[in-house]
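Asker: Before I ask anything, let me first share the structure, which is written out below as structure tokens.
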Protein chains: 2
Amino acid sequence: MNSQQDSLSTTFAALADPTRRAILARLSRGSATVSELAAPFAMSGPAVSKHLRVLERARLITRGREAQWRPCQLEAGPLREVADWTAAYRRFWEKSFDRLDGYLEELQATRREAAGKEKGKARAKKR
Amino acid sequence: MNSQQDSLSTTFAALADPTRRAILARLSRGSATVSELAAPFAMSGPAVSKHLRVLERARLITRGREAQWRPCQLEAGPLREVADWTAAYRRFWEKSFDRLDGYLEELQATRREAAGKEKGKARAKKR
């Protein structure tokens with residue numbers, strides 16, 4: 001296991017929690033203190049602090065030095081690593097979309113053909 | 001917590017392991033049986049099966065119906081969800097690259113200026 005894999009595992013583990021993802025979403029709108037972060041979650045300060053420690057260890061956030069406030073800030077580097085990792089699999093979901101496209105085209109062709117036959121029948125009746 | 005968040009948490013938790021990510025990388029080259037997957041990891045069948053169960057629960061793989069072989073196949077849908085989730089943060093790492101670009105341009109300008117001065121001095125010496 002190299003260090004890149006290690007840091008990816010740490011990042012993924014930190015992201016495997018909806019509250020931590022909500023904290024990152026909040027920080028994407030600007031830095032915030034622990035009490036500002038705790039407010040929307042109806043969560044105790046210590047409970048939020050625990051989540052922040054996990055995010056900090058994963059280098060997804062940094063905290064200011066001011067002893068009392070220590071505002072949290074988003075750090076996007078590890079998220080970029082995640083995006084880069086998923087990019088290798090992009091062709092798989094694009095492929096499944098291609099398959100869907102193919103299926104829809106086939107469906108349309110069949111409908112067009114059926115519509116053509118109906119028109120033919122209608123014309124034959126008129127004659 | 002809505003079901004989308006739930007499934008993202010399950011996906012991230014499943015991805016937080018280098019062996020499981022290596023299994024997905026192997027399956028991106030084609031479907032494989034448990035013993036084919038176990039071979040490169042010097043891992044027991046049951047240990048690999050445990051990882052496969054985690055990946056299957058996260059809908060990252062599906063398994064064939066043939067009782068004895070049950071070949072595993074990559075399913076990229078949840079990886080697409082991860083990619084979509086990270087996309088919301090793209091502007092943050094692009095911003096930091098913009099800052100780096102700005103810094104490098106500044107550095108080049110300073111070097112050009114310094115080189116210009118050196119040339120000027122050299123010319124002055126020649127005269």
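To be explicit about the labels: the chains of the structure tokens are called A, B, and onward in the order shown, and within each one the residues are counted from 1, while ligands get numbers from 1 in the order they are shown.
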For a quick test of understanding: name the residues of chain A lying within 8 Å of chain B when counting only C-alpha atoms, and present them as a list in words.

Answerer: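 Residues passing the distance filter: Met1, Gln5, Asp6, Leu8, Ser9, Thr10, Thr11, Phe12, Ala13, Leu15, Ala16, Asp17, Pro18, Ser28, Glu75, Ala76, Gly77, Leu79, Arg80, Val82, Ala83, Thr86, Ala87, Tyr89, Arg90, Phe92 and Trp93 of chain A.
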
Asker: Could you find all residues in chain B that DSSP calls helix (DSSP H, G or I) from the backbone, and write them as a count of residues only?

Answerer: 92

Asker: Just list as a list in words whatever in chain B DSSP marks as strand (DSSP E).

Answerer: Ile61, Thr62, Arg63, Cys72, Gln73 and Leu74 of chain B

Asker: Save out the residues we just selected, N, CA and C atoms, as a PDB file, in the first residue's frame.

Answerer:
```pdb
ATOM      1  N   ILE B  61     -20.540  -3.838  -7.422  1.00  0.00           N
ATOM      2  CA  ILE B  61     -20.372  -5.031  -8.269  1.00  0.00           C
ATOM      3  C   ILE B  61     -21.677  -5.817  -8.284  1.00  0.00           C
ATOM      4  N   THR B  62     -21.845  -6.628  -9.311  1.00  0.00           N
ATOM      5  CA  THR B  62     -22.902  -7.640  -9.307  1.00  0.00           C
ATOM      6  C   THR B  62     -22.217  -8.983  -9.555  1.00  0.00           C
ATOM      7  N   ARG B  63     -22.910 -10.065  -9.208  1.00  0.00           N
ATOM      8  CA  ARG B  63     -22.325 -11.391  -9.384  1.00  0.00           C
ATOM      9  C   ARG B  63     -23.237 -12.263 -10.222  1.00  0.00           C
ATOM     10  N   CYS B  72     -17.736 -11.886 -10.967  1.00  0.00           N
ATOM     11  CA  CYS B  72     -18.066 -10.543 -10.502  1.00  0.00           C
ATOM     12  C   CYS B  72     -17.917  -9.560 -11.652  1.00  0.00           C
ATOM     13  N   GLN B  73     -18.798  -8.556 -11.644  1.00  0.00           N
ATOM     14  CA  GLN B  73     -18.776  -7.544 -12.689  1.00  0.00           C
ATOM     15  C   GLN B  73     -18.867  -6.168 -12.048  1.00  0.00           C
ATOM     16  N   LEU B  74     -18.103  -5.236 -12.582  1.00  0.00           N
ATOM     17  CA  LEU B  74     -18.124  -3.866 -12.076  1.00  0.00           C
ATOM     18  C   LEU B  74     -19.448  -3.190 -12.419  1.00  0.00           C
TER      19      LEU B  74
END
```

Asker: Residues at most 9 Å from Gly45 of chain B, counting only C-alpha atoms, excluding those fewer than 6 positions away in the same chain, as a list of chain:residue names?

Answerer: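 So, after excluding close chain neighbours, the residues are B:Val34, B:Ser35, B:Leu37, B:Ala38.
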
Asker: Between atom CA of Ile23 of chain B and atom CA of Pro40 of chain B, what distance in Å does the model show, to one decimal?

Answerer: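 Spanning atom CA of Ile23 of chain B to atom CA of Pro40 of chain B is a straight-line distance of 9.7 Å.
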
Asker: Considering only C-alpha atoms, return as an NGL selection string whatever protein or nucleic-acid residues lie within 9 Å of Val54 of chain B, sequence-local ones (same chain, fewer than 3 positions apart) excluded.

Answerer: :B and (10 or 13-14 or 20 or 49-51 or 57-60)
